[in-house]
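Read the structure below first, then the notes.
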Amino acid sequence: PAGAAEVADPLEGLVALLLGLERRPDRRQRCEDMLTKEVPWLKTEFFRATDGKVDTIPDDEVSQTWNTKNNSLYGAYEDVTDKDGKVLHTAAEFADPGVDYQFSPGERGCAHSHYRMWKRVAEGSQPMLILEDDVQLIFERTSGGMASGETFTSRFKLGMQEAAKKSVDVLYLGWSGHRDGNFKYTKTLGGRKNPIIRKAEYVWTTVAYVLWPEGAKKLLDAAKPMNQPVDNFMAWEAREGRLDAWVLLDDGDTDDTYSGGIVTQLDFTGDSDIRKSDGGDQGHDPTEYLAMKPGE
């Protein structure tokens, strides 16, 4: 009716930074084509990734090595053996005292890319959407049916409306790990569960997240230097209560859903530019980037 107060569109004016390597125009093209087709309303700006193989990365921004102790509280580590079957590190060592790994070049470049994007967000006054170039909007939803730009937009709007009611620093649009409903250590929050967004305890993946300037400043203050791969680093800051991080649930995501949200990652099996130094879930060699080899 005339004169009724209009509800502001929470997505109006939102800018996305699309992260990609200059030497991978194929990945950029795929992503830009998808975004243009599915979410033509989204203003997107290409953000050149730090290339860990060629760019200089300051040690006071991203460290050279990281330790598995924190991540072992959530990630499952196994005994690591050499090619002859000799145990180099037991599963228990990954937890205490932790195992030191060199960042792989791709990992360190990825971490520094996000660090630079945090600086960009911190300089502004509005939240920004951070996207990696393997983000995928079309996938089979938990509730059945296919996700699309239309389902993404409608659910994203709801998520941003909920976030506006809270002091959110980060809203993950795609995630895997522990959040309210499947907390591992955090005491479960009482009261009615929010059907749209949930408090994060420790979640991985940085394929798509909204970052508010206040959250960016908190991350930059903590990253002196960033001493974990970027998703571990952000997850730990949330776990320790220094970062107010939330996840966006897709319609159909339940407390049993370990990986959810309104985006997923395109499977670039065999074509990833980022090797997981500790092997990760990707099955990479967990001995290749050990900081201290036996006998050193």
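Ordering of the structure tokens sets the chain letters (A, B, ...), residue numbers begin anew at 1 in every chain, and ligands are numbered from 1 in the order given.
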May I have all residues of region 219-276 of chain A that DSSP, computed from the backbone, assigns to alpha helix (DSSP H), given as a list of chain:residue names?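 Those residues are A:Leu219, A:Leu220, A:Asp221, A:Ala222, A:Val230, A:Asp231, A:Asn232, A:Phe233, A:Met234, A:Ala235, A:Trp236, A:Glu237, A:Ala238, A:Arg239.
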Those same residues, written as a short mmCIF file (atom, residue, chain, number, x, y, z; two decimals), in the first residue's frame with all heavy atoms?
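Final output, again.cif:
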data_model
loop_
_atom_site.label_atom_id
_atom_site.label_comp_id
_atom_site.auth_asym_id
_atom_site.auth_seq_id
_atom_site.Cartn_x
_atom_site.Cartn_y
_atom_site.Cartn_z
N LEU A 219 40.51 -9.82 12.12
CA LEU A 219 41.37 -10.82 11.50
C LEU A 219 42.77 -10.26 11.25
O LEU A 219 43.77 -10.94 11.49
CB LEU A 219 40.74 -11.31 10.19
CG LEU A 219 39.52 -12.22 10.33
CD1 LEU A 219 38.80 -12.38 8.99
CD2 LEU A 219 39.92 -13.59 10.87
N LEU A 220 42.85 -9.03 10.78
CA LEU A 220 44.15 -8.41 10.52
C LEU A 220 44.94 -8.21 11.82
O LEU A 220 46.16 -8.40 11.85
CB LEU A 220 43.96 -7.07 9.81
CG LEU A 220 43.48 -7.16 8.36
CD1 LEU A 220 43.01 -5.81 7.86
CD2 LEU A 220 44.55 -7.73 7.45
N ASP A 221 44.24 -7.86 12.89
CA ASP A 221 44.91 -7.70 14.18
C ASP A 221 45.49 -9.02 14.68
O ASP A 221 46.54 -9.05 15.33
CB ASP A 221 43.92 -7.16 15.23
CG ASP A 221 43.66 -5.67 15.08
OD1 ASP A 221 44.45 -5.01 14.36
OD2 ASP A 221 42.68 -5.17 15.65
N ALA A 222 44.80 -10.11 14.37
CA ALA A 222 45.24 -11.43 14.82
C ALA A 222 46.33 -12.01 13.91
O ALA A 222 47.15 -12.82 14.36
CB ALA A 222 44.06 -12.40 14.87
N VAL A 230 44.42 -20.42 5.77
CA VAL A 230 43.44 -19.38 6.06
C VAL A 230 42.14 -19.90 6.66
O VAL A 230 41.57 -19.28 7.56
CB VAL A 230 43.17 -18.52 4.80
CG1 VAL A 230 42.56 -19.32 3.66
CG2 VAL A 230 42.31 -17.31 5.15
N ASP A 231 41.64 -21.05 6.20
CA ASP A 231 40.37 -21.52 6.77
C ASP A 231 40.57 -21.97 8.22
O ASP A 231 39.73 -21.70 9.08
CB ASP A 231 39.71 -22.60 5.91
CG ASP A 231 40.60 -23.76 5.55
OD1 ASP A 231 41.83 -23.70 5.79
OD2 ASP A 231 40.07 -24.75 5.00
N ASN A 232 41.69 -22.63 8.51
CA ASN A 232 41.99 -23.00 9.90
C ASN A 232 42.12 -21.75 10.77
O ASN A 232 41.64 -21.72 11.91
CB ASN A 232 43.32 -23.76 10.00
CG ASN A 232 43.34 -25.08 9.25
OD1 ASN A 232 42.41 -25.42 8.53
ND2 ASN A 232 44.42 -25.82 9.40
N PHE A 233 42.79 -20.73 10.23
CA PHE A 233 43.04 -19.51 10.99
C PHE A 233 41.73 -18.83 11.37
O PHE A 233 41.51 -18.45 12.53
CB PHE A 233 43.92 -18.56 10.16
CG PHE A 233 44.26 -17.28 10.87
CD1 PHE A 233 45.30 -17.22 11.78
CD2 PHE A 233 43.51 -16.13 10.63
CE1 PHE A 233 45.60 -16.04 12.45
CE2 PHE A 233 43.80 -14.94 11.29
CZ PHE A 233 44.86 -14.90 12.21
N MET A 234 40.85 -18.66 10.39
CA MET A 234 39.55 -18.02 10.65
C MET A 234 38.73 -18.86 11.62
O MET A 234 38.08 -18.34 12.53
CB MET A 234 38.79 -17.81 9.34
CG MET A 234 39.42 -16.78 8.42
SD MET A 234 38.54 -16.63 6.83
CE MET A 234 36.97 -15.92 7.37
N ALA A 235 38.77 -20.17 11.43
CA ALA A 235 38.00 -21.08 12.29
C ALA A 235 38.47 -20.98 13.74
O ALA A 235 37.65 -20.98 14.67
CB ALA A 235 38.13 -22.51 11.79
N TRP A 236 39.79 -20.88 13.95
CA TRP A 236 40.32 -20.80 15.31
C TRP A 236 39.94 -19.49 15.97
O TRP A 236 39.59 -19.46 17.17
CB TRP A 236 41.83 -20.99 15.30
CG TRP A 236 42.40 -21.11 16.69
CD1 TRP A 236 43.07 -20.16 17.41
CD2 TRP A 236 42.30 -22.26 17.55
NE1 TRP A 236 43.40 -20.64 18.65
CE2 TRP A 236 42.94 -21.94 18.76
CE3 TRP A 236 41.73 -23.54 17.40
CZ2 TRP A 236 43.03 -22.83 19.83
CZ3 TRP A 236 41.82 -24.43 18.46
CH2 TRP A 236 42.46 -24.08 19.66
N GLU A 237 39.98 -18.40 15.23
CA GLU A 237 39.58 -17.11 15.79
C GLU A 237 38.11 -17.14 16.23
O GLU A 237 37.75 -16.55 17.26
CB GLU A 237 39.82 -15.98 14.78
CG GLU A 237 41.29 -15.66 14.52
CD GLU A 237 42.05 -15.34 15.80
OE1 GLU A 237 41.69 -14.33 16.46
OE2 GLU A 237 42.99 -16.09 16.16
N ALA A 238 37.27 -17.83 15.46
CA ALA A 238 35.86 -17.97 15.83
C ALA A 238 35.73 -18.85 17.06
O ALA A 238 35.01 -18.54 18.01
CB ALA A 238 35.06 -18.55 14.67
N ARG A 239 36.47 -19.94 17.07
CA ARG A 239 36.40 -20.90 18.16
C ARG A 239 36.81 -20.26 19.48
O ARG A 239 36.24 -20.56 20.54
CB ARG A 239 37.33 -22.07 17.83
CG ARG A 239 37.17 -23.26 18.74
CD ARG A 239 38.39 -23.43 19.61
NE ARG A 239 38.30 -24.71 20.30
CZ ARG A 239 38.87 -24.97 21.47
NH1 ARG A 239 39.57 -24.05 22.09
NH2 ARG A 239 38.74 -26.15 22.02
#
Selection near region 94-103 of chain A, 12 Å with only C-alpha atoms, sequence-local residues under 2 positions removed, as a PyMOL selection string: chain A and resi 52-53+57+59+62-80+88-92+105-112+226-230+274-279+286-293
Once you count only C-alpha atoms, what closest atom pair and distance in Å to one decimal does each residue of region 138-194 of chain A within 8 Å of region 214-217 of chain A have, with rows by chain and rising residue number, as JSON lines?
{"residue": "A:Val168", "atom": "CA", "partner": "A:Gly215", "partner_atom": "CA", "distance": 7.8}
{"residue": "A:Asp169", "atom": "CA", "partner": "A:Gly215", "partner_atom": "CA", "distance": 4.2}
{"residue": "A:Val170", "atom": "CA", "partner": "A:Gly215", "partner_atom": "CA", "distance": 6.4}
Show me a table, sorted first by chain and then by increasing residue number, of the residues of region 13-72 of chain A having an atom at most 9 Å from region 134-150 of chain A, each with its shortest atom pair and the distance in Å to one decimal, counting only C-alpha atoms and written as a Markdown table.
| residue | atom | partner | partner_atom | distance |
| --- | --- | --- | --- | --- |
| A:Gly20 | CA | A:Asp134 | CA | 8.9 |
| A:Arg27 | CA | A:Asp134 | CA | 7.2 |
| A:Arg28 | CA | A:Asp134 | CA | 8.7 |
| A:Arg30 | CA | A:Asp134 | CA | 8.8 |
| A:Cys31 | CA | A:Asp134 | CA | 7.1 |
| A:Met34 | CA | A:Leu137 | CA | 7.9 |
| A:Leu35 | CA | A:Gly149 | CA | 8.0 |
| A:Lys37 | CA | A:Gly149 | CA | 8.0 |
| A:Glu38 | CA | A:Gly149 | CA | 4.2 |
| A:Val39 | CA | A:Gly149 | CA | 5.4 |
| A:Pro40 | CA | A:Gly149 | CA | 8.8 |
Distance CA of Trp41 (chain A)-CA of Thr151 (chain A), one decimal place?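 Straight-line distance from CA of Trp41 (chain A) to CA of Thr151 (chain A) works out to 13.7 Å.
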May I ask which of the residues A:Leu249, A:Ala49, A:Val121, A:Ile262 is the closest one to Lys193 (chain A), counting only C-alpha atoms? A:Leu249
What's around region 257-259 of chain A at 10 Å? Count only C-alpha atoms, leave out sequence neighbours fewer than 6 positions away in its own chain, and write the answer as JSON, numbers by chain. {"A": [142, 174, 175, 176, 177, 178, 179, 181, 182, 203, 204, 205, 249]}
Write out, as an mmCIF file, in the first residue's frame, the residues just selected, with all heavy atoms.
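Contents of part28.cif, as written:
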data_model
loop_
_atom_site.group_PDB
_atom_site.id
_atom_site.type_symbol
_atom_site.label_atom_id
_atom_site.label_comp_id
_atom_site.auth_asym_id
_atom_site.auth_seq_id
_atom_site.Cartn_x
_atom_site.Cartn_y
_atom_site.Cartn_z
ATOM 1 N N THR A 142 20.458 -30.332 -0.270
ATOM 2 C CA THR A 142 20.180 -31.321 0.772
ATOM 3 C C THR A 142 18.707 -31.708 0.752
ATOM 4 O O THR A 142 18.347 -32.865 0.972
ATOM 5 C CB THR A 142 20.536 -30.750 2.170
ATOM 6 O OG1 THR A 142 21.859 -30.231 2.125
ATOM 7 C CG2 THR A 142 20.457 -31.817 3.240
ATOM 8 N N GLY A 174 29.169 -21.083 2.337
ATOM 9 C CA GLY A 174 29.465 -22.501 2.151
ATOM 10 C C GLY A 174 30.415 -22.901 3.261
ATOM 11 O O GLY A 174 31.284 -22.109 3.639
ATOM 12 N N TRP A 175 30.265 -24.104 3.826
ATOM 13 C CA TRP A 175 31.028 -24.450 5.031
ATOM 14 C C TRP A 175 31.018 -25.954 5.246
ATOM 15 O O TRP A 175 30.168 -26.688 4.723
ATOM 16 C CB TRP A 175 30.425 -23.753 6.266
ATOM 17 C CG TRP A 175 28.930 -23.878 6.324
ATOM 18 C CD1 TRP A 175 28.016 -23.033 5.754
ATOM 19 C CD2 TRP A 175 28.160 -24.946 6.901
ATOM 20 N NE1 TRP A 175 26.742 -23.489 5.961
ATOM 21 C CE2 TRP A 175 26.798 -24.662 6.660
ATOM 22 C CE3 TRP A 175 28.499 -26.097 7.603
ATOM 23 C CZ2 TRP A 175 25.771 -25.510 7.090
ATOM 24 C CZ3 TRP A 175 27.475 -26.940 8.029
ATOM 25 C CH2 TRP A 175 26.123 -26.632 7.771
ATOM 26 N N SER A 176 31.976 -26.412 6.008
ATOM 27 C CA SER A 176 31.938 -27.769 6.541
ATOM 28 C C SER A 176 32.577 -27.722 7.918
ATOM 29 O O SER A 176 33.531 -26.974 8.137
ATOM 30 C CB SER A 176 32.664 -28.760 5.621
ATOM 31 O OG SER A 176 34.032 -28.471 5.571
ATOM 32 N N GLY A 177 32.017 -28.492 8.850
ATOM 33 C CA GLY A 177 32.560 -28.494 10.192
ATOM 34 C C GLY A 177 31.493 -28.316 11.243
ATOM 35 O O GLY A 177 30.359 -28.749 11.075
ATOM 36 N N HIS A 178 31.857 -27.609 12.302
ATOM 37 C CA HIS A 178 31.017 -27.571 13.506
ATOM 38 C C HIS A 178 30.426 -26.188 13.743
ATOM 39 O O HIS A 178 31.139 -25.195 13.775
ATOM 40 C CB HIS A 178 31.848 -28.011 14.720
ATOM 41 C CG HIS A 178 32.367 -29.413 14.597
ATOM 42 N ND1 HIS A 178 31.634 -30.507 14.964
ATOM 43 C CD2 HIS A 178 33.525 -29.901 14.091
ATOM 44 C CE1 HIS A 178 32.318 -31.609 14.717
ATOM 45 N NE2 HIS A 178 33.475 -31.260 14.173
ATOM 46 N N ARG A 179 29.100 -26.181 13.930
ATOM 47 C CA ARG A 179 28.356 -24.946 14.209
ATOM 48 C C ARG A 179 27.163 -25.347 15.072
ATOM 49 O O ARG A 179 26.924 -26.531 15.318
ATOM 50 C CB ARG A 179 27.938 -24.260 12.916
ATOM 51 C CG ARG A 179 27.487 -25.213 11.804
ATOM 52 C CD ARG A 179 26.130 -25.750 12.036
ATOM 53 N NE ARG A 179 25.781 -26.883 11.203
ATOM 54 C CZ ARG A 179 24.575 -27.414 11.207
ATOM 55 N NH1 ARG A 179 23.644 -26.952 12.004
ATOM 56 N NH2 ARG A 179 24.307 -28.445 10.447
ATOM 57 N N GLY A 181 24.180 -26.702 16.585
ATOM 58 C CA GLY A 181 23.428 -27.855 16.070
ATOM 59 C C GLY A 181 24.314 -29.088 16.040
ATOM 60 O O GLY A 181 23.847 -30.205 16.228
ATOM 61 N N ASN A 182 25.616 -28.880 15.806
ATOM 62 C CA ASN A 182 26.588 -29.991 15.900
ATOM 63 C C ASN A 182 27.906 -29.514 16.524
ATOM 64 O O ASN A 182 28.987 -29.883 16.095
ATOM 65 C CB ASN A 182 26.825 -30.652 14.524
ATOM 66 C CG ASN A 182 27.656 -29.791 13.585
ATOM 67 O OD1 ASN A 182 27.855 -28.607 13.828
ATOM 68 N ND2 ASN A 182 28.140 -30.362 12.504
ATOM 69 N N VAL A 203 34.639 -24.020 11.435
ATOM 70 C CA VAL A 203 34.265 -24.501 10.100
ATOM 71 C C VAL A 203 35.376 -24.205 9.101
ATOM 72 O O VAL A 203 36.087 -23.213 9.206
ATOM 73 C CB VAL A 203 32.932 -23.887 9.602
ATOM 74 C CG1 VAL A 203 31.771 -24.317 10.488
ATOM 75 C CG2 VAL A 203 32.996 -22.378 9.496
ATOM 76 N N TRP A 204 35.506 -25.126 8.154
ATOM 77 C CA TRP A 204 36.494 -24.983 7.078
ATOM 78 C C TRP A 204 35.816 -24.443 5.822
ATOM 79 O O TRP A 204 34.600 -24.394 5.725
ATOM 80 C CB TRP A 204 37.121 -26.337 6.748
ATOM 81 C CG TRP A 204 37.986 -26.936 7.809
ATOM 82 C CD1 TRP A 204 39.293 -26.639 8.093
ATOM 83 C CD2 TRP A 204 37.619 -27.976 8.741
ATOM 84 N NE1 TRP A 204 39.761 -27.415 9.127
ATOM 85 C CE2 TRP A 204 38.752 -28.246 9.542
ATOM 86 C CE3 TRP A 204 36.451 -28.706 8.969
ATOM 87 C CZ2 TRP A 204 38.750 -29.216 10.543
ATOM 88 C CZ3 TRP A 204 36.441 -29.664 9.972
ATOM 89 C CH2 TRP A 204 37.582 -29.912 10.746
ATOM 90 N N THR A 205 36.654 -24.153 4.869
ATOM 91 C CA THR A 205 36.374 -23.647 3.520
ATOM 92 C C THR A 205 36.147 -22.143 3.510
ATOM 93 O O THR A 205 35.424 -21.607 4.334
ATOM 94 C CB THR A 205 35.206 -24.333 2.762
ATOM 95 O OG1 THR A 205 33.969 -23.884 3.258
ATOM 96 C CG2 THR A 205 35.306 -25.839 2.822
ATOM 97 N N LEU A 249 22.508 -21.507 6.583
ATOM 98 C CA LEU A 249 21.948 -22.824 6.270
ATOM 99 C C LEU A 249 21.155 -22.740 4.976
ATOM 100 O O LEU A 249 20.419 -21.778 4.745
ATOM 101 C CB LEU A 249 21.011 -23.302 7.387
ATOM 102 C CG LEU A 249 21.550 -23.415 8.812
ATOM 103 C CD1 LEU A 249 20.438 -23.889 9.747
ATOM 104 C CD2 LEU A 249 22.726 -24.370 8.876
#
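One finds CA of Leu158 (chain A) at 14.5 Å from CA of Leu14 (chain A).
Comparing A:Tyr209, A:Pro195, A:Tyr172, A:Tyr185 by their smallest distance to Val247 (chain A), the closest is A:Tyr172 (using only C-alpha atoms).
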Residue set, region 60-181 of chain A restricted to strand (DSSP E or B), as a ChimeraX atom specification: /A:62,65-67,80-81,87-89,100-102,128-132,135-136,140,146,170-172,174-179
Go ahead and save the picked residues with C-alpha atoms, as a short mmCIF file (atom, residue, chain, number, x, y, z; two decimals), in the first residue's frame.
data_model
loop_
_atom_site.label_atom_id
_atom_site.label_comp_id
_atom_site.auth_asym_id
_atom_site.auth_seq_id
_atom_site.Cartn_x
_atom_site.Cartn_y
_atom_site.Cartn_z
CA VAL A 62 51.87 -15.03 6.54
CA THR A 65 55.26 -22.80 8.75
CA TRP A 66 52.22 -23.81 10.78
CA ASN A 67 51.51 -26.31 13.55
CA VAL A 80 52.22 -40.60 8.82
CA THR A 81 54.77 -43.02 7.41
CA VAL A 87 56.26 -43.99 11.22
CA LEU A 88 57.38 -40.36 10.97
CA HIS A 89 54.65 -38.93 13.21
CA ASP A 100 55.12 -28.41 12.00
CA TYR A 101 54.44 -28.08 8.29
CA GLN A 102 55.74 -25.72 5.67
CA MET A 128 31.83 -7.44 0.97
CA LEU A 129 31.28 -10.90 -0.46
CA ILE A 130 34.50 -12.85 -0.95
CA LEU A 131 34.38 -15.59 -3.60
CA GLU A 132 37.04 -18.05 -4.72
CA VAL A 135 32.59 -21.48 -6.16
CA GLN A 136 29.60 -23.34 -7.60
CA GLU A 140 22.00 -30.84 -5.67
CA MET A 146 18.91 -28.21 -7.80
CA VAL A 170 31.65 -13.22 9.08
CA LEU A 171 28.82 -15.12 7.40
CA TYR A 172 29.92 -18.31 5.62
CA GLY A 174 29.47 -22.50 2.15
CA TRP A 175 31.03 -24.45 5.03
CA SER A 176 31.94 -27.77 6.54
CA GLY A 177 32.56 -28.49 10.19
CA HIS A 178 31.02 -27.57 13.51
CA ARG A 179 28.36 -24.95 14.21
#
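Interatomic distance, CA of Ser113 (chain A) to CA of Thr50 (chain A): 5.2 Å.
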Counting only C-alpha atoms, the option among A:Met117, A:Leu248, A:Glu22, A:Asp84 closest to Gln161 (chain A):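 For Gln161 (chain A), the nearest of the given residues is A:Leu248.
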